[in-house]
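Engineer: Pasting a structure here, questions to come.
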Amino acid sequence: MDLRTEIAQSWRRAELSGLSPAAPVDRLDVADVDNRSRLLRAASPVLDELARQLAGTRFCVVLADEECRIVARRFTERSVELALEGVSAVPGCQFLEERTGTNSLATSFETRRGVAVDGGEHFLEAMKQFTCYGHPIVHPATRRLVGVLDITGPAGDANPLLGPFLRRAVADVERRLLDGAKLAEQQLLAAFQSVQHRACAVLALGHDVVLANTAATELVDTADHRLLRELGRTQRGLRRLRLTSGTPVEVRVEAVSASAGLLFELAPVRPASPVVSRPRAARGLFPAPIDDRLRRAGRARRRVLVCGEPGAGRSTAARVVAGDEPLHEFDASEVVSGAAAWCARVEAAAGAPGLLVIDGIQLLPPLAAVRLARLLDTTTAWFALISGPPSELRGEQATLAARVHRRVELPPLRERRDEIPAIARELLRGFGDSLRLTPGALELLGSQHWPGNLRELAGALAAAADRRSAGDLTAADLALDTTPSPALSGWEQAEYDVIVRTLRACDGNKVRAAKQLGISRSTLYNRIRALLVR
């Protein structure tokens, strides 16, 4: 049969996941449902009204959450309930294309667009008995997908008017979500006002709101907000920890309501008190151990190989090694204009005082790399070689790098998420002392992946500084293209990096990637949903 483009693409995704049209769907896994979620509270009155308007028809209403897990249903006929149970369309069951094929819940969730799927357009044979309409629900404030709303009925009962009918219902849910967010802000403000005059520092953190009394402003840095939010996700009551400033504090955590936010009361404690330690962010652009190695190499005038991804600060690291000594920089990309002349300039500089920096040794032609290696063997000149990741070095370039026994590898910025607030403030000092990053801006910076590393971060800050020369830089001032996702923990970030590398190695083929990772396809898809599509 001829399929519409969006349906054909969905079939292709289902096939690539290894799903068979004959696969059963009557025994899918079911998980617990949060009946107090913000989505369910906002959508329940709309679902009730839809059920009233659809009474007397054979259509039902199904609501799925941000993971496309069914959280609510409405129907008026027992036969409809039995049909839904026959395909596992029950609360707690997750409808994803790799498990349930093409249908309005899974395909709307996958494409982030409304879709109608009628009868034979379903990928699974068991689903062809239905006609369904699905549309994503997007939070008006955060612009994040929070769920999918679906109307399903028997195949043959398709009605083009159900599409606009469903979209109006989705708009009602989204409006109620926004109203709920406003109410949550009012609740947070009331809770903060009731305790803000206490002697301790008081801080209230909502989804998009930060409230602090004078004591909290002086004690808590904006870099601590993420730490406190993480603490609030798992802890209530009294807890001790160390702020990024190094100050140990006693923190009382209280949830204002299910959706409003968290209230914190903080009081410094004596350094001798037991605390939950936390590594302090580096004060400079590099982690403290790396900065220390670079400076010790400089004091001892040791030759050093500085390697890392583009933009990770390799040239800056070489300047740290040089300290107050003169710096002579040679760019390997310039060798194309003449290897002999370029090598002659390097050899002439070998007798000058200071540090000779060879930038980009992975770009050196083989003969130039051999000649430079011979120079290292025959002179006592002080060298710093700069390269990409060690895995990029081949042949004569790798042999040249092996001449230098002290190696410093700079980590990519994505592996230093906890340090991004401190790094951003350090970079921002270069644009003047009158600029400050707001908590929202710091959270946005911390949520990005920064493939260009420090150079990309510095560019984003420079552009923001051009737009606002003084005062607070907000998330809007940063004007980043990507929508921030919830922050990942260190373990989740490591898992994210492994999945991304494996998918790239497998050219995006999720079936081969799952096999290479040693996990099932469904497990890989679940982790992709949890880590990559947030």
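In the structure tokens, chains take letters A, B, ... by order of appearance, with residues numbered from 1 within each chain and ligands from 1 in the order shown.
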Would you mind listing what lies within 10 Å of A:Ala340 as a PDB file with all heavy atoms, in the first residue's frame, with only C-alpha atoms counted and same-chain residues fewer than 5 positions away left out?

Structural biologist:
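Produced file result-v3.pdb, reproduced below:
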```
ATOM      1  N   VAL A 335      52.899  25.242   7.561  1.00  0.00           N
ATOM      2  CA  VAL A 335      53.955  24.485   6.883  1.00  0.00           C
ATOM      3  C   VAL A 335      53.634  24.330   5.406  1.00  0.00           C
ATOM      4  O   VAL A 335      54.532  24.177   4.570  1.00  0.00           O
ATOM      5  CB  VAL A 335      54.144  23.113   7.549  1.00  0.00           C
ATOM      6  CG1 VAL A 335      55.176  22.271   6.805  1.00  0.00           C
ATOM      7  CG2 VAL A 335      54.594  23.303   8.985  1.00  0.00           C
ATOM      8  N   ARG A 345      62.907  28.449  10.514  1.00  0.00           N
ATOM      9  CA  ARG A 345      62.540  29.476  11.495  1.00  0.00           C
ATOM     10  C   ARG A 345      62.497  28.878  12.901  1.00  0.00           C
ATOM     11  O   ARG A 345      62.926  29.524  13.879  1.00  0.00           O
ATOM     12  CB  ARG A 345      61.181  30.082  11.137  1.00  0.00           C
ATOM     13  CG  ARG A 345      61.209  30.940   9.875  1.00  0.00           C
ATOM     14  CD  ARG A 345      59.998  31.893   9.836  1.00  0.00           C
ATOM     15  NE  ARG A 345      58.729  31.189   9.952  1.00  0.00           N
ATOM     16  CZ  ARG A 345      58.064  30.666   8.927  1.00  0.00           C
ATOM     17  NH1 ARG A 345      58.571  30.776   7.696  1.00  0.00           N
ATOM     18  NH2 ARG A 345      56.896  30.066   9.120  1.00  0.00           N
ATOM     19  N   LEU A 367      58.036  14.744   6.814  1.00  0.00           N
ATOM     20  CA  LEU A 367      59.424  15.212   6.818  1.00  0.00           C
ATOM     21  C   LEU A 367      59.641  16.318   7.845  1.00  0.00           C
ATOM     22  O   LEU A 367      60.674  16.371   8.518  1.00  0.00           O
ATOM     23  CB  LEU A 367      59.817  15.702   5.418  1.00  0.00           C
ATOM     24  CG  LEU A 367      59.972  14.603   4.356  1.00  0.00           C
ATOM     25  CD1 LEU A 367      60.310  15.213   3.007  1.00  0.00           C
ATOM     26  CD2 LEU A 367      61.052  13.605   4.778  1.00  0.00           C
ATOM     27  N   ALA A 368      58.649  17.219   7.980  1.00  0.00           N
ATOM     28  CA  ALA A 368      58.768  18.286   8.974  1.00  0.00           C
ATOM     29  C   ALA A 368      58.745  17.715  10.383  1.00  0.00           C
ATOM     30  O   ALA A 368      59.472  18.181  11.272  1.00  0.00           O
ATOM     31  CB  ALA A 368      57.633  19.292   8.795  1.00  0.00           C
ATOM     32  N   ARG A 371      62.164  16.216  11.070  1.00  0.00           N
ATOM     33  CA  ARG A 371      63.178  17.263  11.284  1.00  0.00           C
ATOM     34  C   ARG A 371      63.013  17.903  12.657  1.00  0.00           C
ATOM     35  O   ARG A 371      64.012  18.192  13.339  1.00  0.00           O
ATOM     36  CB  ARG A 371      63.048  18.301  10.184  1.00  0.00           C
ATOM     37  CG  ARG A 371      64.149  19.357  10.171  1.00  0.00           C
ATOM     38  CD  ARG A 371      64.127  20.126   8.876  1.00  0.00           C
ATOM     39  NE  ARG A 371      65.001  21.295   8.933  1.00  0.00           N
ATOM     40  CZ  ARG A 371      65.205  22.119   7.899  1.00  0.00           C
ATOM     41  NH1 ARG A 371      64.585  21.893   6.744  1.00  0.00           N
ATOM     42  NH2 ARG A 371      66.020  23.165   8.022  1.00  0.00           N
TER      43      ARG A 371
END
```

Engineer: Which of stretch 345-441 of chain A counts as alpha helix (DSSP H) under DSSP, as a ChimeraX atom specification please?

Structural biologist: /A:345-349,366-378,395-402,420-428,439-441

Engineer: Take the residues from that selection and put them in a file with N, CA and C atoms, as a CSV table (one decimal), in the first residue's frame.

Structural biologist:
```
chain,number,residue,atom,x,y,z
A,345,ARG,N,62.9,28.4,10.5
A,345,ARG,CA,62.5,29.5,11.5
A,345,ARG,C,62.5,28.9,12.9
A,346,VAL,N,62.0,27.6,13.0
A,346,VAL,CA,61.9,27.0,14.3
A,346,VAL,C,63.4,26.8,14.8
A,347,GLU,N,64.2,26.3,14.0
A,347,GLU,CA,65.6,26.0,14.4
A,347,GLU,C,66.3,27.3,14.8
A,348,ALA,N,66.1,28.4,14.1
A,348,ALA,CA,66.7,29.6,14.5
A,348,ALA,C,66.2,30.1,15.8
A,349,ALA,N,65.0,29.9,16.2
A,349,ALA,CA,64.4,30.3,17.4
A,349,ALA,C,64.9,29.4,18.6
A,366,PRO,N,55.1,14.5,7.2
A,366,PRO,CA,56.1,13.6,7.8
A,366,PRO,C,57.5,14.1,7.9
A,367,LEU,N,58.0,14.7,6.8
A,367,LEU,CA,59.4,15.2,6.8
A,367,LEU,C,59.6,16.3,7.8
A,368,ALA,N,58.6,17.2,8.0
A,368,ALA,CA,58.8,18.3,9.0
A,368,ALA,C,58.7,17.7,10.4
A,369,ALA,N,57.9,16.7,10.6
A,369,ALA,CA,57.9,16.0,11.9
A,369,ALA,C,59.2,15.4,12.3
A,370,VAL,N,59.8,14.7,11.3
A,370,VAL,CA,61.1,14.1,11.5
A,370,VAL,C,62.2,15.1,11.8
A,371,ARG,N,62.2,16.2,11.1
A,371,ARG,CA,63.2,17.3,11.3
A,371,ARG,C,63.0,17.9,12.7
A,372,LEU,N,61.8,18.1,13.1
A,372,LEU,CA,61.5,18.7,14.4
A,372,LEU,C,61.9,17.7,15.5
A,373,ALA,N,61.7,16.4,15.3
A,373,ALA,CA,62.1,15.4,16.3
A,373,ALA,C,63.6,15.4,16.4
A,374,ARG,N,64.3,15.6,15.3
A,374,ARG,CA,65.8,15.6,15.4
A,374,ARG,C,66.3,16.8,16.1
A,375,LEU,N,65.5,17.9,16.0
A,375,LEU,CA,65.9,19.2,16.7
A,375,LEU,C,65.7,19.0,18.2
A,376,LEU,N,64.7,18.3,18.6
A,376,LEU,CA,64.5,18.0,20.0
A,376,LEU,C,65.6,17.1,20.6
A,377,ASP,N,66.1,16.2,19.8
A,377,ASP,CA,67.2,15.3,20.2
A,377,ASP,C,68.6,16.0,20.3
A,378,THR,N,68.7,17.1,19.6
A,378,THR,CA,70.1,17.7,19.5
A,378,THR,C,70.2,19.1,20.1
A,395,GLY,N,52.0,7.9,12.8
A,395,GLY,CA,53.3,7.8,12.2
A,395,GLY,C,54.3,8.8,12.8
A,396,GLU,N,54.9,9.6,12.0
A,396,GLU,CA,56.0,10.5,12.4
A,396,GLU,C,55.5,11.5,13.5
A,397,GLN,N,54.2,11.9,13.4
A,397,GLN,CA,53.7,12.8,14.4
A,397,GLN,C,53.6,12.2,15.8
A,398,ALA,N,53.2,10.9,15.8
A,398,ALA,CA,53.2,10.1,17.1
A,398,ALA,C,54.6,10.0,17.6
A,399,THR,N,55.6,9.7,16.7
A,399,THR,CA,57.0,9.6,17.1
A,399,THR,C,57.5,10.9,17.7
A,400,LEU,N,57.1,12.0,17.1
A,400,LEU,CA,57.6,13.3,17.6
A,400,LEU,C,57.0,13.5,19.0
A,401,ALA,N,55.7,13.2,19.2
A,401,ALA,CA,55.1,13.4,20.5
A,401,ALA,C,55.7,12.5,21.6
A,402,ALA,N,56.2,11.3,21.2
A,402,ALA,CA,56.9,10.4,22.1
A,402,ALA,C,58.2,11.0,22.6
A,420,ILE,N,31.5,24.8,35.1
A,420,ILE,CA,31.1,25.8,34.1
A,420,ILE,C,30.8,27.2,34.7
A,421,PRO,N,30.0,27.3,35.8
A,421,PRO,CA,29.7,28.6,36.4
A,421,PRO,C,31.0,29.4,36.7
A,422,ALA,N,32.0,28.7,37.4
A,422,ALA,CA,33.2,29.4,37.7
A,422,ALA,C,34.0,29.7,36.5
A,423,ILE,N,34.1,28.8,35.5
A,423,ILE,CA,34.8,29.1,34.2
A,423,ILE,C,34.2,30.3,33.5
A,424,ALA,N,32.8,30.3,33.4
A,424,ALA,CA,32.1,31.4,32.8
A,424,ALA,C,32.4,32.8,33.4
A,425,ARG,N,32.4,32.8,34.7
A,425,ARG,CA,32.7,34.0,35.4
A,425,ARG,C,34.1,34.5,35.2
A,426,GLU,N,35.1,33.5,35.1
A,426,GLU,CA,36.5,33.8,34.8
A,426,GLU,C,36.6,34.4,33.4
A,427,LEU,N,35.9,33.8,32.4
A,427,LEU,CA,36.0,34.3,31.1
A,427,LEU,C,35.3,35.7,31.0
A,428,LEU,N,34.2,35.9,31.8
A,428,LEU,CA,33.5,37.1,31.7
A,428,LEU,C,34.3,38.3,32.2
A,439,PRO,N,21.5,33.5,37.9
A,439,PRO,CA,21.4,32.0,38.0
A,439,PRO,C,20.8,31.3,36.8
A,440,GLY,N,19.8,31.9,36.2
A,440,GLY,CA,19.2,31.3,35.0
A,440,GLY,C,20.2,31.2,33.9
A,441,ALA,N,21.1,32.2,33.7
A,441,ALA,CA,22.1,32.2,32.7
A,441,ALA,C,23.1,31.1,33.0
```

Engineer: One number please: atom CA of A:Val269 to atom CA of A:Gln196, in Å, one decimal.

Structural biologist: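 Between atom CA of A:Val269 and atom CA of A:Gln196 the gap is 19.8 Å.
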
Engineer: If we count only C-alpha atoms and set the cut-off at 12 Å, which residues sit around A:Gln53, ignoring sequence neighbours fewer than 2 positions away in its own chain? Please answer as JSON, numbers by chain.

Structural biologist: {"A": [46, 47, 48, 49, 50, 51, 55, 56, 57, 58, 59, 60, 61, 74, 75, 76, 162, 165, 166, 169]}

Engineer: Atom CA of A:Gly311 to atom CA of A:Gly323: how many Å, to one decimal?

Structural biologist: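 One can read the atom CA of A:Gly311 to atom CA of A:Gly323 distance as 20.6 Å.
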
Engineer: Please list as a PDB file with N, CA and C atoms, in the first residue's frame every residue within 8 Å of A:Val62, counting only C-alpha atoms and excluding residues in the same chain fewer than 6 positions away.

Structural biologist:
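That gives us out20.pdb:
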```pdb
ATOM      1  N   ILE A  70       1.513   5.977  29.381  1.00  0.00           N
ATOM      2  CA  ILE A  70       0.105   6.303  29.571  1.00  0.00           C
ATOM      3  C   ILE A  70      -0.169   6.569  31.050  1.00  0.00           C
ATOM      4  N   VAL A  71      -0.818   7.710  31.331  1.00  0.00           N
ATOM      5  CA  VAL A  71      -1.106   8.071  32.721  1.00  0.00           C
ATOM      6  C   VAL A  71      -2.606   8.207  32.987  1.00  0.00           C
ATOM      7  N   ALA A  72      -3.413   8.297  31.930  1.00  0.00           N
ATOM      8  CA  ALA A  72      -4.864   8.431  32.147  1.00  0.00           C
ATOM      9  C   ALA A  72      -5.611   8.025  30.886  1.00  0.00           C
ATOM     10  N   ARG A  73      -6.844   7.539  31.083  1.00  0.00           N
ATOM     11  CA  ARG A  73      -7.737   7.181  29.965  1.00  0.00           C
ATOM     12  C   ARG A  73      -9.161   7.609  30.323  1.00  0.00           C
ATOM     13  N   ARG A  74      -9.956   7.854  29.297  1.00  0.00           N
ATOM     14  CA  ARG A  74     -11.373   8.117  29.486  1.00  0.00           C
ATOM     15  C   ARG A  74     -12.142   7.374  28.393  1.00  0.00           C
ATOM     16  N   LEU A 149      -1.503  13.803  23.878  1.00  0.00           N
ATOM     17  CA  LEU A 149      -2.940  13.552  24.032  1.00  0.00           C
ATOM     18  C   LEU A 149      -3.435  12.829  22.792  1.00  0.00           C
ATOM     19  N   ASP A 150      -4.297  11.826  23.003  1.00  0.00           N
ATOM     20  CA  ASP A 150      -4.709  10.943  21.908  1.00  0.00           C
ATOM     21  C   ASP A 150      -6.208  10.670  21.989  1.00  0.00           C
ATOM     22  N   ILE A 151      -6.843  10.605  20.825  1.00  0.00           N
ATOM     23  CA  ILE A 151      -8.224  10.127  20.705  1.00  0.00           C
ATOM     24  C   ILE A 151      -8.200   8.900  19.801  1.00  0.00           C
ATOM     25  N   THR A 152      -8.728   7.796  20.276  1.00  0.00           N
ATOM     26  CA  THR A 152      -8.680   6.525  19.560  1.00  0.00           C
ATOM     27  C   THR A 152     -10.075   5.936  19.430  1.00  0.00           C
TER      28      THR A 152
END
```

Engineer: Counting only C-alpha atoms, which residue out of A:Ala458, A:Leu211, A:Ala216, A:Val195 sits closest to A:Ala312?

Structural biologist: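 Among the listed residues, the smallest separation from A:Ala312 belongs to A:Ala458.
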
Engineer: Going by DSSP on the backbone, which bits of stretch 191-411 of chain A are strand (DSSP E or B)? Write them as a count of residues only, please.

Structural biologist: 57

Engineer: Atom CA of A:Gly446 to atom CA of A:Asp418: how many Å, to one decimal?

Structural biologist: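 So the answer is 7.5 Å.
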
Engineer: At a cut-off of 8 Å, using only C-alpha atoms, what residues contact A:Val357? Leave out same-chain residues fewer than 6 positions from it and give the result as number ranges by chain.

Structural biologist: A: 318, 327-330, 383-386

Engineer: Produce a file of the selected residues containing N, CA and C atoms, as a JSON list (two decimals), in the first residue's frame.

Structural biologist:
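New file out34.json:
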```json
[["chain", "number", "residue", "atom", "x", "y", "z"],
["A", 318, "ALA", "N", 49.65, 26.44, 27.16],
["A", 318, "ALA", "CA", 51.07, 26.69, 26.84],
["A", 318, "ALA", "C", 51.54, 28.01, 27.45],
["A", 327, "LEU", "N", 57.59, 33.96, 24.82],
["A", 327, "LEU", "CA", 56.87, 32.88, 24.14],
["A", 327, "LEU", "C", 57.09, 33.02, 22.63],
["A", 328, "HIS", "N", 57.51, 31.93, 21.98],
["A", 328, "HIS", "CA", 57.72, 31.92, 20.53],
["A", 328, "HIS", "C", 56.77, 30.86, 19.95],
["A", 329, "GLU", "N", 55.74, 31.30, 19.21],
["A", 329, "GLU", "CA", 54.72, 30.39, 18.73],
["A", 329, "GLU", "C", 54.88, 30.12, 17.24],
["A", 330, "PHE", "N", 54.73, 28.82, 16.87],
["A", 330, "PHE", "CA", 54.82, 28.39, 15.48],
["A", 330, "PHE", "C", 53.61, 27.51, 15.19],
["A", 383, "PHE", "N", 60.63, 23.33, 24.85],
["A", 383, "PHE", "CA", 59.54, 23.18, 23.89],
["A", 383, "PHE", "C", 58.21, 22.83, 24.59],
["A", 384, "ALA", "N", 57.14, 23.32, 24.01],
["A", 384, "ALA", "CA", 55.79, 22.85, 24.33],
["A", 384, "ALA", "C", 55.13, 22.48, 23.01],
["A", 385, "LEU", "N", 54.76, 21.21, 22.86],
["A", 385, "LEU", "CA", 54.09, 20.74, 21.66],
["A", 385, "LEU", "C", 52.59, 20.71, 21.93],
["A", 386, "ILE", "N", 51.81, 21.16, 20.97],
["A", 386, "ILE", "CA", 50.35, 21.18, 21.11],
["A", 386, "ILE", "C", 49.74, 20.29, 20.04]]
```

Engineer: Can you pull out the residues contacting A:Val251? Cut-off 9 Å, using only C-alpha atoms, and skip same-chain residues under 5 positions away; I want them as a PyMOL selection string.

Structural biologist: chain A and resi 237-241+264-268

Engineer: If you keep C-alpha atoms, can you produce a file of those selected residues as a PDB file, in the first residue's frame?

Structural biologist:
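That gives us out.pdb:
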```pdb
ATOM      1  CA  GLY A 237      14.999  17.965  56.500  1.00  0.00           C
ATOM      2  CA  LEU A 238      18.490  18.815  57.793  1.00  0.00           C
ATOM      3  CA  ARG A 239      21.708  18.135  55.864  1.00  0.00           C
ATOM      4  CA  ARG A 240      25.303  19.381  55.933  1.00  0.00           C
ATOM      5  CA  LEU A 241      27.393  20.128  52.864  1.00  0.00           C
ATOM      6  CA  PHE A 264      16.292  26.281  51.839  1.00  0.00           C
ATOM      7  CA  GLU A 265      17.511  27.630  55.186  1.00  0.00           C
ATOM      8  CA  LEU A 266      21.308  27.742  55.430  1.00  0.00           C
ATOM      9  CA  ALA A 267      23.573  28.443  58.376  1.00  0.00           C
ATOM     10  CA  PRO A 268      27.411  28.247  58.402  1.00  0.00           C
TER      11      PRO A 268
END
```

Engineer: When you count only C-alpha atoms, which of these residues is closest to A:Pro412: A:Gly232, A:Gly360, A:Pro451, A:Pro24?

Structural biologist: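 Checking each of A:Gly232, A:Gly360, A:Pro451, A:Pro24 against A:Pro412, counting only C-alpha atoms, the winner is A:Pro451.
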
Engineer: Find the residues around A:Glu419 up to 12 Å (only C-alpha atoms counted), leave out those fewer than 2 positions away in its own chain, and share them as a ChimeraX atom specification.

Structural biologist: /A:223-224,226-227,244,278-288,411-417,421-426,442-443,445-447,454

Engineer: Restricting the output to N, CA, C and O atoms, write the selected residues as a compact mmCIF listing (two decimals), in the first residue's frame.

Structural biologist:
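In the end it all went to result-v5.txt:
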```txt
# COMPACT_ATOMS: atom_id res chain seq x y z
N ALA A 223 26.54 29.61 41.59
CA ALA A 223 27.01 28.27 41.24
C ALA A 223 26.49 27.21 42.20
O ALA A 223 26.48 26.03 41.87
N ASP A 224 26.05 27.63 43.40
CA ASP A 224 25.53 26.67 44.38
C ASP A 224 24.09 26.25 44.10
O ASP A 224 23.60 25.28 44.67
N ARG A 226 22.65 24.91 41.57
CA ARG A 226 22.52 23.57 40.98
C ARG A 226 22.77 22.49 42.04
O ARG A 226 22.06 21.49 42.10
N LEU A 227 23.76 22.72 42.88
CA LEU A 227 24.04 21.79 43.98
C LEU A 227 22.83 21.65 44.89
O LEU A 227 22.43 20.55 45.29
N THR A 244 30.41 25.91 47.13
CA THR A 244 31.55 26.02 46.21
C THR A 244 32.60 27.01 46.72
O THR A 244 33.75 26.97 46.29
N ARG A 278 32.52 18.27 48.78
CA ARG A 278 32.26 18.41 47.35
C ARG A 278 33.48 19.07 46.74
O ARG A 278 33.97 20.08 47.24
N PRO A 279 34.02 18.54 45.63
CA PRO A 279 35.19 19.16 45.02
C PRO A 279 34.90 20.60 44.63
O PRO A 279 33.87 20.90 44.06
N ARG A 280 35.80 21.48 44.98
CA ARG A 280 35.61 22.88 44.65
C ARG A 280 35.94 23.12 43.18
O ARG A 280 36.83 22.49 42.61
N ALA A 281 35.20 24.03 42.60
CA ALA A 281 35.44 24.35 41.20
C ALA A 281 36.80 25.04 41.07
O ALA A 281 37.25 25.76 41.95
N ALA A 282 37.45 24.80 39.96
CA ALA A 282 38.74 25.44 39.72
C ALA A 282 38.56 26.94 39.59
O ALA A 282 37.60 27.40 39.01
N ARG A 283 39.51 27.68 40.13
CA ARG A 283 39.39 29.13 40.07
C ARG A 283 39.78 29.65 38.70
O ARG A 283 39.36 30.72 38.29
N GLY A 284 40.63 28.92 37.98
CA GLY A 284 41.03 29.35 36.65
C GLY A 284 40.26 28.62 35.58
O GLY A 284 39.16 28.12 35.80
N LEU A 285 40.85 28.57 34.40
CA LEU A 285 40.18 27.91 33.28
C LEU A 285 40.41 26.41 33.25
O LEU A 285 39.73 25.71 32.50
N PHE A 286 41.36 25.92 34.04
CA PHE A 286 41.67 24.49 34.03
C PHE A 286 41.42 23.87 35.40
O PHE A 286 41.52 24.56 36.43
N PRO A 287 41.14 22.57 35.45
CA PRO A 287 41.02 21.91 36.76
C PRO A 287 42.31 22.10 37.56
O PRO A 287 43.41 22.14 36.99
N ALA A 288 42.17 22.19 38.88
CA ALA A 288 43.32 22.50 39.73
C ALA A 288 44.51 21.56 39.52
O ALA A 288 45.66 22.02 39.43
N PRO A 411 40.77 18.13 29.53
CA PRO A 411 39.45 17.49 29.39
C PRO A 411 38.51 18.40 28.61
O PRO A 411 38.60 19.64 28.69
N PRO A 412 37.58 17.83 27.85
CA PRO A 412 36.57 18.66 27.17
C PRO A 412 35.64 19.29 28.18
O PRO A 412 35.48 18.80 29.30
N LEU A 413 35.01 20.37 27.79
CA LEU A 413 34.16 21.12 28.70
C LEU A 413 32.96 20.31 29.18
O LEU A 413 32.47 20.50 30.29
N ARG A 414 32.48 19.39 28.35
CA ARG A 414 31.31 18.59 28.74
C ARG A 414 31.60 17.69 29.93
O ARG A 414 30.69 17.21 30.59
N GLU A 415 32.89 17.44 30.21
CA GLU A 415 33.26 16.63 31.36
C GLU A 415 33.52 17.49 32.60
O GLU A 415 33.90 16.97 33.64
N ARG A 416 33.27 18.81 32.48
CA ARG A 416 33.54 19.73 33.60
C ARG A 416 32.31 20.57 33.91
O ARG A 416 32.40 21.75 34.24
N ARG A 417 31.12 19.95 33.82
CA ARG A 417 29.88 20.71 33.95
C ARG A 417 29.78 21.44 35.29
O ARG A 417 29.29 22.57 35.34
N PRO A 421 30.02 27.25 35.80
CA PRO A 421 29.75 28.59 36.36
C PRO A 421 31.02 29.37 36.70
O PRO A 421 31.14 30.55 36.37
N ALA A 422 31.99 28.70 37.35
CA ALA A 422 33.24 29.38 37.71
C ALA A 422 34.04 29.74 36.46
O ALA A 422 34.63 30.83 36.38
N ILE A 423 34.06 28.85 35.47
CA ILE A 423 34.79 29.13 34.23
C ILE A 423 34.16 30.31 33.50
O ILE A 423 34.85 31.20 33.00
N ALA A 424 32.82 30.32 33.44
CA ALA A 424 32.13 31.41 32.75
C ALA A 424 32.41 32.76 33.41
O ALA A 424 32.64 33.76 32.73
N ARG A 425 32.41 32.77 34.74
CA ARG A 425 32.71 34.03 35.43
C ARG A 425 34.14 34.48 35.16
O ARG A 425 34.42 35.67 35.01
N GLU A 426 35.07 33.51 35.11
CA GLU A 426 36.46 33.84 34.83
C GLU A 426 36.60 34.44 33.43
O GLU A 426 37.29 35.44 33.23
N LEU A 442 23.49 30.93 34.23
CA LEU A 442 24.46 29.89 34.61
C LEU A 442 23.89 28.50 34.39
O LEU A 442 24.59 27.58 33.94
N GLU A 443 22.62 28.31 34.71
CA GLU A 443 22.00 26.99 34.50
C GLU A 443 21.92 26.67 33.01
O GLU A 443 22.13 25.53 32.60
N LEU A 445 23.99 27.79 30.67
CA LEU A 445 25.35 27.47 30.24
C LEU A 445 25.73 26.05 30.66
O LEU A 445 26.35 25.31 29.89
N GLY A 446 25.33 25.66 31.88
CA GLY A 446 25.68 24.33 32.37
C GLY A 446 24.94 23.21 31.67
O GLY A 446 25.36 22.05 31.74
N SER A 447 23.85 23.52 30.98
CA SER A 447 23.05 22.49 30.33
C SER A 447 23.50 22.20 28.90
O SER A 447 23.05 21.23 28.29
N LEU A 454 36.01 25.54 25.50
CA LEU A 454 36.19 26.88 26.07
C LEU A 454 36.04 27.98 25.03
O LEU A 454 35.51 29.05 25.31
```
